[in-house]
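Shown next: work_13.cif, containing mmCIF, C-alpha atoms.
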```cif
data_query
#
loop_
_atom_site.label_atom_id
_atom_site.label_comp_id
_atom_site.auth_asym_id
_atom_site.auth_seq_id
_atom_site.Cartn_x
_atom_site.Cartn_y
_atom_site.Cartn_z
CA MET A 222 4.64 -8.81 -13.70
CA PRO A 223 1.85 -9.59 -16.16
CA GLU A 224 -0.26 -6.68 -17.37
CA PRO A 225 -3.70 -6.33 -15.76
CA GLU A 226 -6.44 -7.92 -17.84
CA ILE A 227 -9.76 -6.23 -18.50
CA ILE A 228 -12.47 -8.41 -16.95
CA ALA A 229 -15.46 -6.11 -17.40
CA GLU A 230 -16.34 -2.79 -18.98
CA SER A 231 -19.28 -0.41 -19.31
CA PRO A 232 -19.58 3.03 -20.95
CA MET A 233 -18.45 4.79 -17.73
CA LEU A 234 -16.40 2.15 -15.93
CA ARG A 235 -13.77 -0.52 -16.42
CA ALA A 236 -12.52 -3.35 -14.16
CA TYR A 237 -9.06 -4.92 -14.28
CA PHE A 238 -7.64 -8.02 -12.64
CA LEU A 239 -3.98 -8.17 -11.68
CA GLN A 240 -2.58 -11.58 -10.77
CA GLY A 241 -0.64 -11.96 -7.55
CA ARG A 242 0.21 -14.27 -4.68
CA GLY A 243 -1.80 -15.27 -1.65
CA ASP A 244 -5.46 -15.45 -0.71
CA THR A 245 -6.08 -11.75 0.00
CA LEU A 246 -7.60 -9.73 -2.85
CA LEU A 247 -7.22 -5.95 -2.97
CA LEU A 248 -10.32 -4.35 -4.50
CA THR A 249 -9.68 -0.70 -5.39
CA PHE A 250 -11.66 2.21 -6.81
CA THR A 251 -10.17 5.29 -8.47
CA GLY A 252 -10.45 8.85 -7.18
CA LEU A 253 -10.90 12.08 -9.13
CA GLY A 254 -7.28 12.35 -10.26
CA PHE A 255 -7.70 9.61 -12.86
CA ASP A 256 -7.43 10.50 -16.57
CA THR A 257 -7.59 8.87 -19.99
CA THR A 258 -3.80 8.61 -20.23
CA GLN A 259 -3.83 6.31 -17.21
CA LEU A 260 -6.69 4.39 -18.80
CA GLN A 261 -4.51 3.70 -21.84
CA ARG A 262 -1.74 2.40 -19.55
CA ARG A 263 -4.15 0.15 -17.62
CA GLN A 264 -3.55 2.04 -14.40
CA PHE A 265 -5.88 1.76 -11.45
CA ALA A 266 -5.82 2.91 -7.84
CA ALA A 267 -2.98 1.28 -5.87
CA ARG A 268 -1.76 -0.78 -8.83
CA SER A 269 1.87 -0.09 -7.88
CA VAL A 270 1.10 -1.10 -4.29
CA ALA A 271 -0.37 -4.42 -5.44
CA GLU A 272 2.56 -5.08 -7.76
CA LYS A 273 5.24 -4.32 -5.18
CA LEU A 274 3.50 -6.35 -2.48
CA GLY A 275 2.60 -9.18 -4.85
CA LEU A 276 -1.11 -8.86 -4.02
CA PRO A 277 -3.78 -9.95 -6.48
CA ALA A 278 -6.02 -6.99 -7.20
CA ILE A 279 -9.18 -5.91 -8.94
CA GLY A 280 -9.08 -2.26 -9.94
CA VAL A 281 -12.39 -0.60 -10.77
CA VAL A 282 -11.79 2.55 -12.80
CA ALA A 283 -14.17 5.45 -13.37
CA LYS A 284 -13.47 6.84 -16.84
CA GLU A 285 -14.73 10.25 -15.68
CA PRO A 286 -15.72 11.81 -12.32
CA ASN A 287 -19.01 9.90 -11.96
CA TRP A 288 -18.98 8.35 -8.45
CA PHE A 289 -19.49 4.84 -9.84
CA PRO A 290 -23.20 4.92 -10.80
CA GLN A 291 -25.25 1.97 -9.62
CA HIS A 292 -26.61 1.12 -13.06
CA GLU A 293 -23.06 1.00 -14.44
CA MET A 294 -21.68 -1.01 -11.50
CA ALA A 295 -24.43 -3.59 -12.08
CA LEU A 296 -22.88 -4.32 -15.48
CA LEU A 297 -19.49 -5.08 -13.90
CA THR A 298 -20.67 -6.97 -10.83
CA PRO A 299 -20.96 -10.53 -12.27
CA ALA A 300 -17.38 -10.53 -13.62
CA ILE A 301 -15.96 -9.00 -10.42
CA LEU A 302 -17.73 -11.60 -8.27
CA ARG A 303 -16.53 -14.48 -10.47
CA THR A 304 -12.97 -13.34 -9.79
CA SER A 305 -13.26 -12.27 -6.15
CA GLN A 306 -14.90 -15.51 -4.99
CA ASN A 307 -11.59 -17.31 -5.59
CA PHE A 308 -10.00 -15.50 -2.63
CA ARG A 309 -10.30 -16.02 1.10
CA ARG A 310 -10.61 -12.35 1.98
CA VAL A 311 -11.36 -9.09 0.15
CA VAL A 312 -9.94 -5.72 1.20
CA ALA A 313 -11.80 -2.82 -0.45
CA TYR A 314 -9.86 0.42 -0.70
CA GLY A 315 -10.24 3.92 -2.12
CA PHE A 316 -9.67 7.64 -1.61
CA SER A 317 -12.39 10.33 -1.85
CA MET A 318 -14.65 9.22 -4.74
CA GLY A 319 -12.93 5.84 -4.56
CA GLY A 320 -13.43 5.70 -0.80
CA TYR A 321 -17.13 6.34 -1.33
CA ALA A 322 -17.31 3.44 -3.80
CA ALA A 323 -15.32 1.09 -1.54
CA LEU A 324 -18.02 1.65 1.10
CA LYS A 325 -21.02 1.83 -1.23
CA TYR A 326 -20.27 -1.52 -2.88
CA SER A 327 -18.62 -3.36 0.01
CA ARG A 328 -21.64 -5.60 0.57
CA ALA A 329 -22.18 -6.22 -3.15
CA PHE A 330 -18.64 -7.63 -3.36
CA ALA A 331 -18.65 -9.27 0.09
CA ALA A 332 -15.72 -7.19 1.32
CA ASP A 333 -14.24 -8.39 4.59
CA TYR A 334 -12.44 -5.10 5.21
CA VAL A 335 -12.88 -1.55 3.94
CA ILE A 336 -10.23 1.18 4.08
CA ALA A 337 -11.75 4.49 2.94
CA PHE A 338 -9.69 7.68 2.91
CA SER A 339 -11.78 10.89 3.06
CA PRO A 340 -14.90 9.30 1.56
CA GLN A 341 -18.08 11.14 0.70
CA TRP A 342 -21.43 9.94 2.02
CA SER A 343 -23.20 11.71 -0.84
CA ILE A 344 -22.29 14.48 -3.29
CA ASP A 345 -25.86 15.76 -3.47
CA PRO A 346 -25.98 19.13 -1.62
CA ALA A 347 -29.74 18.71 -1.21
CA ILE A 348 -29.02 16.13 1.51
CA ALA A 349 -25.33 16.90 2.14
CA PRO A 350 -25.24 20.73 2.18
CA TRP A 351 -21.61 20.80 3.34
CA GLU A 352 -20.54 18.99 0.17
CA THR A 353 -20.27 21.79 -2.41
CA SER A 354 -16.97 20.89 -4.06
CA TYR A 355 -18.44 18.36 -6.46
CA VAL A 356 -21.68 19.95 -7.61
CA ARG A 357 -20.33 20.36 -11.14
CA TYR A 358 -20.27 16.56 -11.38
CA LEU A 359 -23.81 16.08 -10.04
CA ARG A 360 -26.13 14.25 -12.44
CA PRO A 361 -29.69 12.93 -12.10
CA PHE A 362 -28.52 9.39 -11.34
CA HIS A 363 -26.71 10.63 -8.20
CA LYS A 364 -30.05 11.23 -6.49
CA GLY A 365 -30.53 8.50 -3.90
CA MET A 366 -26.94 7.29 -4.17
CA GLU A 367 -25.99 8.13 -0.59
CA ILE A 368 -24.44 5.26 1.37
CA GLY A 369 -27.12 3.30 3.23
CA PRO A 370 -27.19 0.43 5.76
CA GLY A 371 -27.80 -2.11 3.01
CA ASP A 372 -24.69 -1.09 1.10
CA VAL A 373 -21.93 -1.82 3.60
CA SER A 374 -20.24 -4.87 5.05
CA GLY A 375 -17.00 -5.91 6.67
CA SER A 376 -14.73 -4.23 9.18
CA ILE A 377 -14.71 -0.56 8.16
CA TYR A 378 -11.93 1.97 8.65
CA ILE A 379 -12.52 5.61 7.70
CA VAL A 380 -9.44 7.86 7.62
CA TYR A 381 -10.24 11.60 7.76
CA ASP A 382 -9.13 14.94 9.14
CA ASP A 383 -11.41 15.81 12.04
CA LEU A 384 -10.80 19.53 11.42
CA HIS A 385 -12.11 19.21 7.84
CA ALA A 386 -15.66 19.08 6.46
CA ASP A 387 -15.04 15.37 5.78
CA THR A 388 -15.97 14.88 9.44
CA LYS A 389 -19.60 15.41 8.45
CA ASN A 390 -19.32 12.62 5.88
CA ALA A 391 -17.73 10.35 8.49
CA ASN A 392 -20.56 11.13 10.90
CA LYS A 393 -23.23 10.26 8.33
CA ILE A 394 -21.48 7.02 7.39
CA ALA A 395 -21.19 6.12 11.07
CA GLU A 396 -24.97 6.46 11.32
CA VAL A 397 -25.50 3.62 8.85
CA ALA A 398 -22.72 1.23 9.89
CA PRO A 399 -20.26 0.60 12.72
CA VAL A 400 -16.96 2.18 11.69
CA ASN A 401 -13.48 2.60 13.07
CA ARG A 402 -12.69 6.32 12.90
CA ILE A 403 -9.02 6.99 12.15
CA VAL A 404 -8.12 10.65 12.54
CA ALA A 405 -5.40 12.16 10.33
CA ARG A 406 -5.47 15.70 11.65
CA HIS A 407 -4.00 18.56 9.61
CA LEU A 408 -4.04 16.67 6.30
CA GLY A 409 -7.29 18.20 5.07
CA HIS A 410 -9.06 16.17 2.38
CA ALA A 411 -5.82 14.67 1.02
CA THR A 412 -5.39 12.06 3.77
CA TRP A 413 -4.17 9.54 1.19
CA ASP A 414 -0.92 11.52 0.91
CA ALA A 415 0.21 9.80 4.11
CA MET A 416 0.15 6.41 2.37
CA LEU A 417 2.09 7.00 -0.85
CA SER A 418 4.63 4.35 0.14
CA SER A 419 3.83 0.76 -0.90
CA ALA A 420 5.52 -0.54 2.23
CA ALA A 421 3.34 1.75 4.35
CA MET A 422 0.20 0.54 2.60
CA GLY A 423 1.30 -3.05 3.18
CA ARG A 424 1.65 -2.41 6.91
CA LEU A 425 -1.70 -0.64 7.07
CA ILE A 426 -3.47 -3.52 5.31
CA GLN A 427 -1.88 -6.02 7.69
CA HIS A 428 -2.93 -4.01 10.76
CA VAL A 429 -6.48 -3.90 9.39
CA ILE A 430 -6.56 -7.65 8.72
CA ASP A 431 -5.20 -8.25 12.22
CA GLY A 432 -8.06 -6.16 13.61
CA ASP A 433 -5.61 -4.01 15.54
CA VAL A 434 -7.43 -0.65 15.59
CA ALA A 435 -4.94 0.88 18.02
CA ALA A 436 -2.07 -0.03 15.70
CA VAL A 437 -3.91 1.53 12.74
CA ARG A 438 -4.47 4.77 14.68
CA HIS A 439 -0.85 4.95 15.83
CA PHE A 440 0.45 4.18 12.33
CA ILE A 441 -1.66 6.86 10.62
CA ARG A 442 -0.82 9.41 13.32
CA ARG A 443 2.89 8.79 12.70
CA ARG A 444 2.63 8.60 8.90
CA ARG A 445 0.85 11.95 8.55
CA ARG A 446 4.04 13.69 9.68
CA SER A 447 5.79 12.31 6.60
CA VAL A 448 3.59 14.44 4.31
CA ALA A 449 5.62 17.32 2.86
CA ARG A 450 2.94 19.95 3.55
CA PHE A 451 2.29 18.81 7.13
CA GLU A 452 4.13 21.75 8.74
CA SER A 453 2.17 24.19 6.59
CA THR A 454 -1.19 22.65 7.48
CA VAL A 455 -0.40 22.92 11.19
CA TRP A 456 0.36 26.63 10.85
CA LEU A 457 -2.79 27.08 8.77
CA ALA A 458 -4.88 25.39 11.45
CA ARG A 459 -3.44 27.83 14.01
CA ALA A 460 -4.27 30.72 11.69
CA ARG A 461 -7.90 29.57 11.44
CA HIS A 462 -8.12 29.15 15.21
CA CYS A 463 -6.80 32.67 15.84
CA LEU A 464 -9.12 34.06 13.17
CA GLY A 465 -12.08 32.47 14.93
CA LYS A 466 -10.98 34.26 18.12
CA ARG A 467 -10.55 37.51 16.13
CA ARG A 468 -6.87 37.62 17.08
CA PHE A 469 -6.03 38.98 13.66
CA GLN A 470 -2.33 39.75 14.11
CA GLU A 471 -1.57 36.26 15.44
CA ALA A 472 -3.70 34.77 12.67
CA GLU A 473 -1.84 36.72 10.00
CA ARG A 474 1.57 35.67 11.33
CA ALA A 475 0.52 32.01 11.35
CA ALA A 476 -0.97 32.19 7.84
CA ARG A 477 2.17 33.77 6.44
CA ARG A 478 4.29 31.10 8.15
CA ALA A 479 2.11 28.48 6.45
CA LEU A 480 2.64 30.10 3.05
CA ASP A 481 6.40 30.39 3.61
CA CYS A 482 6.83 26.64 4.19
CA PRO A 483 8.67 24.71 1.43
CA SER A 484 5.44 22.84 0.61
CA PRO A 485 2.53 25.23 1.29
CA ALA A 486 -0.86 23.72 2.01
CA SER A 487 -3.67 24.48 -0.42
CA GLY A 488 -6.10 27.20 0.62
CA GLY A 489 -3.49 29.24 2.49
CA LYS A 490 -3.98 32.36 0.41
CA TRP A 491 -7.75 32.22 0.89
CA VAL A 492 -7.32 31.97 4.67
CA LEU A 493 -4.91 34.92 4.63
CA GLY A 494 -7.47 36.82 2.56
CA LYS A 495 -10.12 36.25 5.22
CA ILE A 496 -7.73 37.47 7.90
CA LEU A 497 -6.85 40.60 5.93
CA ALA A 498 -10.53 41.30 5.28
CA GLY A 499 -11.18 41.06 9.01
CA GLN A 500 -8.65 43.86 9.49
CA GLY A 501 -10.29 46.01 6.82
CA ARG A 502 -7.41 45.55 4.37
CA LEU A 503 -9.82 44.78 1.56
CA GLY A 504 -7.56 45.36 -1.44
CA GLU A 505 -4.95 42.95 -0.05
CA ALA A 506 -7.68 40.46 0.85
CA GLU A 507 -9.08 40.54 -2.70
CA ASP A 508 -5.62 39.99 -4.12
CA MET A 509 -5.03 36.92 -1.91
CA ILE A 510 -8.38 35.36 -2.78
CA ARG A 511 -7.83 35.93 -6.50
CA GLN A 512 -4.38 34.34 -6.23
CA ASN A 513 -5.95 31.28 -4.60
CA MET A 514 -8.57 31.16 -7.36
CA ALA A 515 -5.79 31.17 -9.97
CA LEU A 516 -4.12 28.25 -8.18
CA ASP A 517 -7.37 26.30 -7.92
CA PRO A 518 -9.79 27.46 -10.64
CA LYS A 519 -12.15 24.55 -9.93
CA ALA A 520 -12.82 25.78 -6.37
CA ILE A 521 -16.11 27.52 -7.13
CA TRP A 522 -16.70 28.25 -3.42
CA LEU A 523 -13.90 30.84 -3.55
CA HIS A 524 -16.21 33.07 -5.58
CA TYR A 525 -18.46 33.39 -2.52
CA HIS A 526 -15.59 34.75 -0.43
CA LEU A 527 -14.51 37.06 -3.24
CA ALA A 528 -18.09 38.37 -3.39
CA GLY A 529 -17.92 39.26 0.31
CA VAL A 530 -14.78 41.33 -0.16
CA LEU A 531 -16.19 43.03 -3.26
CA GLU A 532 -19.41 43.86 -1.39
CA GLN A 533 -17.44 45.47 1.45
CA GLN A 534 -15.68 47.64 -1.13
CA GLY A 535 -19.03 48.76 -2.55
CA ARG A 536 -18.50 46.87 -5.85
CA MET A 537 -21.98 45.39 -5.73
CA ARG A 538 -22.36 44.41 -9.39
CA GLU A 539 -19.07 42.53 -9.34
CA ALA A 540 -20.10 40.84 -6.09
CA LEU A 541 -23.32 39.65 -7.75
CA GLN A 542 -21.33 38.20 -10.65
CA SER A 543 -19.20 36.21 -8.22
CA LEU A 544 -22.28 34.91 -6.40
CA ASP A 545 -23.86 33.97 -9.72
CA ALA A 546 -20.80 31.78 -10.43
CA VAL A 547 -21.45 29.88 -7.19
CA LEU A 548 -25.17 29.57 -7.82
CA ALA A 549 -24.64 28.36 -11.37
CA ALA A 550 -22.79 25.38 -9.90
CA ASN A 551 -25.04 24.97 -6.86
CA PRO A 552 -28.42 26.74 -7.13
CA ALA A 553 -29.27 25.63 -3.57
CA ASP A 554 -26.23 27.24 -1.93
CA ARG A 555 -27.93 28.94 1.03
CA ALA A 556 -25.13 31.35 1.95
CA SER A 557 -24.87 32.67 -1.61
CA LEU A 558 -28.65 33.04 -1.91
CA VAL A 559 -28.77 35.08 1.31
CA ALA A 560 -25.84 37.26 0.21
CA ARG A 561 -27.40 37.84 -3.20
CA GLU A 562 -30.74 38.86 -1.68
CA ARG A 563 -28.98 41.27 0.70
CA ILE A 564 -27.03 42.94 -2.10
CA MET A 565 -30.13 43.23 -4.31
CA LYS A 566 -32.02 44.96 -1.49
CA ARG A 567 -29.15 47.40 -0.92
CA LEU A 568 -28.96 48.21 -4.61
CA ALA A 569 -32.73 48.76 -4.78
CA ALA A 570 -32.64 51.03 -1.71
CA GLY A 571 -29.46 52.84 -2.71
CA LEU A 572 -27.82 51.91 0.60
CA PRO A 573 -24.03 52.03 1.16
CA PRO A 574 -22.04 48.81 1.54
CA PRO A 575 -22.10 47.20 5.02
CA HIS A 576 -18.76 48.32 6.48
CA GLY A 577 -16.90 45.41 7.99
CA ALA A 578 -19.53 42.88 6.89
#
```
Please lay out the structure from this file as structure tokens.
Amino acid sequence: MPEPEIIAESPMLRAYFLQGRGDTLLLTFTGLGFDTTQLQRRQFAARSVAEKLGLPAIGVVAKEPNWFPQHEMALLTPAILRTSQNFRRVVAYGFSMGGYAALKYSRAFAADYVIAFSPQWSIDPAIAPWETSYVRYLRPFHKGMEIGPGDVSGSIYIVYDDLHADTKNANKIAEVAPVNRIVARHLGHATWDAMLSSAAMGRLIQHVIDGDVAAVRHFIRRRRRSVARFESTVWLARARHCLGKRRFQEAERAARRALDCPSPASGGKWVLGKILAGQGRLGEAEDMIRQNMALDPKAIWLHYHLAGVLEQQGRMREALQSLDAVLAANPADRASLVARERIMKRLAAGLPPPHGA
């Protein structure tokens, strides 16, 4: 196979073209996991899929987590269009940040089909308050970059876990364009894990081109069970359900089963920490949350939950430090602002910690 050629570049982005067979072009956008090492090797999202299937592809690469800024995409657009217009159909594809871009620029590149795994609608918490995971990447040019009716085209498929916050993104996207909702329950944000096989991606693309929505739903529902952590995510979902019903013993058993699986789902220790805190076992809860923080140091939201446990133990100053970590990343985080105000009032009044809060 020939190496992909660079067809356009800007300070933040790069676009490759990979030659292939047929009249269907795969247009892909990278997610957050991309790094400079992959840039040196001319990697792009789904390159191996395109190579194994013999599909021609354009891979648009973000050199950093930037959500493909409009002013940068404008620099790449002429070269991408010159290449894409030689093909009968364009299938835009991406996961998370890449899924956002596949939708955001589908009309600009006249995409006939869009397959977006766990896409964001916006990463600006001022208009998407549920989206707090990416605030450290937020920059002034992201204001007004939410997906709008004028951005989208083609037959759109959004794959997401309906038990995850990504549902709110799917709902907002569905407000601006007709979409086919494809549920991949118990996979969390990482829905793309169900499609790591090139053969599976080939079948998915064909089902999409055929317009067979029922086949797409059935295929994704079956493929999600191939994910190594699937068993763990099912147990974790049961733990959350029992926690919501305050059935703490059942919740704890389910959470520990999730953590004992050969491939534990992420966030399991945090969930167990919440369950332990609900039983008043605050030292154990703190330990679980801190372990989860060590596993995922970029998850700033965990500091909010740590603050709650510290507050219940009467360690108010430490709780404030944890809340400050959240607010440094997202000054508009309402829950943290309320918790901080409550703690400050208790400190000023010399009140004891709220037992069981």
- Just so the selection is clear, what residues does the PyMOL selection byres ((chain A and resi 325-336) around 8) cover here, as a ChimeraX atom specification? /A:298,301-302,305,310-315,320-324,337-338,368-369,371-380,429-430
- Message: For the PyMOL selection byres ((chain A and resi 234) around 12), applied here, can you spell out every residue it catches as an MDAnalysis selection string?
- Response: chainID A and resid 227:233 235:237 250:251 255 257 260 265 280:298
- Message: Quick check on the file I pasted: which residues fall under the PyMOL selection byres ((chain A and resi 413-418) around 12)? Write them as an MDAnalysis selection string.
- Response: chainID A and resid 252 266:271 273:274 314:317 319:320 336:340 379:382 404:412 419:426 440:451
- Message: Just checking: using only C-alpha atoms, which residue out of A:Leu493, A:Ser343, A:Asn401, A:Leu247 ends up closest to Phe362 (chain A)?
- Response: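 Going through A:Leu493, A:Ser343, A:Asn401, A:Leu247 one by one, the smallest distance to Phe362 (chain A) is for A:Ser343.
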- Best match for closeness to Phe238 (chain A) among A:His462, A:Arg357, A:Arg303, A:Lys566, counting all atoms listed in the file: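 Closest to Phe238 (chain A) of all the choices is A:Arg303.
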- Pick the closest to Arg242 (chain A) from A:Phe308, A:Val559, A:Lys393, A:Lys495: which is it, counting only C-alpha atoms? A:Phe308
- Task: One decimal, Å: what's the distance from CA of Glu532 (chain A) over to CA of Arg567 (chain A), could you say?
- Result: 10.4 Å
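With all atoms listed in the file as the atoms that count, the minimum distance from Ala460 (chain A) to the choices A:Pro483, A:Pro277, A:Pro361, A:Gly494 is reached by A:Gly494.
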Report as JSON lines the residues of region 314-409 of chain A within 12 Å of region 547-558 of chain A, each with its shortest atom pair and distance in Å (one decimal), using all atoms listed in the file, ordered by chain and increasing residue number.
```
{"residue": "A:Ile344", "atom": "CA", "partner": "A:Asn551", "partner_atom": "CA", "distance": 11.4}
{"residue": "A:Asp345", "atom": "CA", "partner": "A:Asn551", "partner_atom": "CA", "distance": 9.8}
{"residue": "A:Pro346", "atom": "CA", "partner": "A:Ala553", "partner_atom": "CA", "distance": 7.5}
{"residue": "A:Ala347", "atom": "CA", "partner": "A:Ala553", "partner_atom": "CA", "distance": 7.3}
{"residue": "A:Ile348", "atom": "CA", "partner": "A:Ala553", "partner_atom": "CA", "distance": 10.8}
{"residue": "A:Ala349", "atom": "CA", "partner": "A:Asp554", "partner_atom": "CA", "distance": 11.1}
{"residue": "A:Pro350", "atom": "CA", "partner": "A:Asp554", "partner_atom": "CA", "distance": 7.8}
{"residue": "A:Trp351", "atom": "CA", "partner": "A:Asp554", "partner_atom": "CA", "distance": 9.5}
{"residue": "A:Glu352", "atom": "CA", "partner": "A:Asp554", "partner_atom": "CA", "distance": 10.2}
{"residue": "A:Thr353", "atom": "CA", "partner": "A:Asn551", "partner_atom": "CA", "distance": 7.3}
{"residue": "A:Ser354", "atom": "CA", "partner": "A:Ala550", "partner_atom": "CA", "distance": 9.4}
{"residue": "A:Tyr355", "atom": "CA", "partner": "A:Ala550", "partner_atom": "CA", "distance": 8.9}
{"residue": "A:Val356", "atom": "CA", "partner": "A:Ala550", "partner_atom": "CA", "distance": 6.0}
{"residue": "A:Arg357", "atom": "CA", "partner": "A:Ala550", "partner_atom": "CA", "distance": 5.7}
{"residue": "A:Tyr358", "atom": "CA", "partner": "A:Ala550", "partner_atom": "CA", "distance": 9.3}
{"residue": "A:Leu359", "atom": "CA", "partner": "A:Ala550", "partner_atom": "CA", "distance": 9.4}
{"residue": "A:Arg360", "atom": "CA", "partner": "A:Ala550", "partner_atom": "CA", "distance": 11.9}
```
- Task: Tell me which protein, DNA and RNA residues are within 12 Å of region 534-545 of chain A, counting only C-alpha atoms, leaving out same-chain ones fewer than 5 positions away, and put them as a ChimeraX atom specification.
- Result: /A:498,501-507,511,514,521-529,550-569,571-578
- Distance in Å - CA of Gln341 (chain A) versus CA of Asn390 (chain A): 5.5 Å
- In Å and to one decimal, CA of Glu224 (chain A) is distant from CA of His428 (chain A) by 28.4 Å
- Query: Using only C-alpha atoms, which residue out of A:Thr245, A:Ala479, A:Pro223, A:Ala570 lies closest to Gln427 (chain A)?
  - Reply: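 Nearest to Gln427 (chain A): A:Thr245.
Residue nearest Pro485 (chain A), chosen from A:Asp387, A:Met509, A:Arg461, A:Thr454 and counting all atoms listed in the file: A:Thr454.
Non-sequential neighbours of region 463-471 of chain A (distance at most 8 Å, separation of 6 or more positions within a chain, only C-alpha atoms) are Ile496, Leu497, Gly499 and Gln500 of chain A.
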With all atoms listed in the file as the counted atoms, please give the residues lying no more than 8 Å from Asn513 (chain A), apart from itself and same-chain residues fewer than 6 positions off, as a tab-separated table (two decimals) with C-alpha atoms, in the frame of the given file.
```tsv
chain	number	residue	atom	x	y	z
A	488	GLY	CA	-6.10	27.20	0.62
A	489	GLY	CA	-3.49	29.24	2.49
A	490	LYS	CA	-3.98	32.36	0.41
A	491	TRP	CA	-7.75	32.22	0.89
```
All heavy atoms are what I want for region 257-262 of chain A; can you complete it accordingly and write them as a PDB file, in the coordinates of the input?
```
ATOM      1  N   THR A 257      -7.585   9.831 -18.882  1.00  0.00           N
ATOM      2  CA  THR A 257      -7.590   8.870 -19.990  1.00  0.00           C
ATOM      3  C   THR A 257      -6.198   8.335 -20.310  1.00  0.00           C
ATOM      4  O   THR A 257      -6.071   7.217 -20.804  1.00  0.00           O
ATOM      5  CB  THR A 257      -8.179   9.534 -21.259  1.00  0.00           C
ATOM      6  OG1 THR A 257      -7.466  10.751 -21.533  1.00  0.00           O
ATOM      7  CG2 THR A 257      -9.638   9.858 -21.064  1.00  0.00           C
ATOM      8  N   THR A 258      -5.165   9.106 -20.012  1.00  0.00           N
ATOM      9  CA  THR A 258      -3.800   8.610 -20.230  1.00  0.00           C
ATOM     10  C   THR A 258      -3.546   7.385 -19.360  1.00  0.00           C
ATOM     11  O   THR A 258      -2.976   6.381 -19.814  1.00  0.00           O
ATOM     12  CB  THR A 258      -2.767   9.702 -19.884  1.00  0.00           C
ATOM     13  OG1 THR A 258      -3.026  10.846 -20.684  1.00  0.00           O
ATOM     14  CG2 THR A 258      -1.354   9.208 -20.124  1.00  0.00           C
ATOM     15  N   GLN A 259      -3.981   7.450 -18.107  1.00  0.00           N
ATOM     16  CA  GLN A 259      -3.830   6.310 -17.210  1.00  0.00           C
ATOM     17  C   GLN A 259      -4.682   5.141 -17.677  1.00  0.00           C
ATOM     18  O   GLN A 259      -4.294   3.982 -17.517  1.00  0.00           O
ATOM     19  CB  GLN A 259      -4.202   6.718 -15.785  1.00  0.00           C
ATOM     20  CG  GLN A 259      -3.214   7.698 -15.160  1.00  0.00           C
ATOM     21  CD  GLN A 259      -3.740   8.288 -13.872  1.00  0.00           C
ATOM     22  OE1 GLN A 259      -4.801   8.902 -13.844  1.00  0.00           O
ATOM     23  NE2 GLN A 259      -3.013   8.116 -12.789  1.00  0.00           N
ATOM     24  N   LEU A 260      -5.825   5.437 -18.264  1.00  0.00           N
ATOM     25  CA  LEU A 260      -6.690   4.390 -18.800  1.00  0.00           C
ATOM     26  C   LEU A 260      -5.961   3.620 -19.897  1.00  0.00           C
ATOM     27  O   LEU A 260      -6.016   2.381 -19.952  1.00  0.00           O
ATOM     28  CB  LEU A 260      -7.979   5.011 -19.332  1.00  0.00           C
ATOM     29  CG  LEU A 260      -9.165   4.071 -19.556  1.00  0.00           C
ATOM     30  CD1 LEU A 260      -9.669   3.514 -18.245  1.00  0.00           C
ATOM     31  CD2 LEU A 260     -10.276   4.807 -20.279  1.00  0.00           C
ATOM     32  N   GLN A 261      -5.268   4.335 -20.754  1.00  0.00           N
ATOM     33  CA  GLN A 261      -4.510   3.700 -21.840  1.00  0.00           C
ATOM     34  C   GLN A 261      -3.396   2.800 -21.308  1.00  0.00           C
ATOM     35  O   GLN A 261      -3.036   1.792 -21.922  1.00  0.00           O
ATOM     36  CB  GLN A 261      -3.934   4.769 -22.766  1.00  0.00           C
ATOM     37  CG  GLN A 261      -4.988   5.556 -23.535  1.00  0.00           C
ATOM     38  CD  GLN A 261      -4.428   6.822 -24.164  1.00  0.00           C
ATOM     39  OE1 GLN A 261      -3.226   7.088 -24.098  1.00  0.00           O
ATOM     40  NE2 GLN A 261      -5.301   7.613 -24.776  1.00  0.00           N
ATOM     41  N   ARG A 262      -2.843   3.175 -20.136  1.00  0.00           N
ATOM     42  CA  ARG A 262      -1.740   2.400 -19.550  1.00  0.00           C
ATOM     43  C   ARG A 262      -2.237   1.357 -18.548  1.00  0.00           C
ATOM     44  O   ARG A 262      -1.447   0.756 -17.837  1.00  0.00           O
ATOM     45  CB  ARG A 262      -0.753   3.356 -18.876  1.00  0.00           C
ATOM     46  CG  ARG A 262      -0.001   4.244 -19.854  1.00  0.00           C
ATOM     47  CD  ARG A 262       1.052   5.097 -19.168  1.00  0.00           C
ATOM     48  NE  ARG A 262       0.470   6.253 -18.489  1.00  0.00           N
ATOM     49  CZ  ARG A 262       0.489   6.448 -17.188  1.00  0.00           C
ATOM     50  NH1 ARG A 262       1.028   5.548 -16.386  1.00  0.00           N
ATOM     51  NH2 ARG A 262      -0.049   7.532 -16.653  1.00  0.00           N
TER      52      ARG A 262
END
```
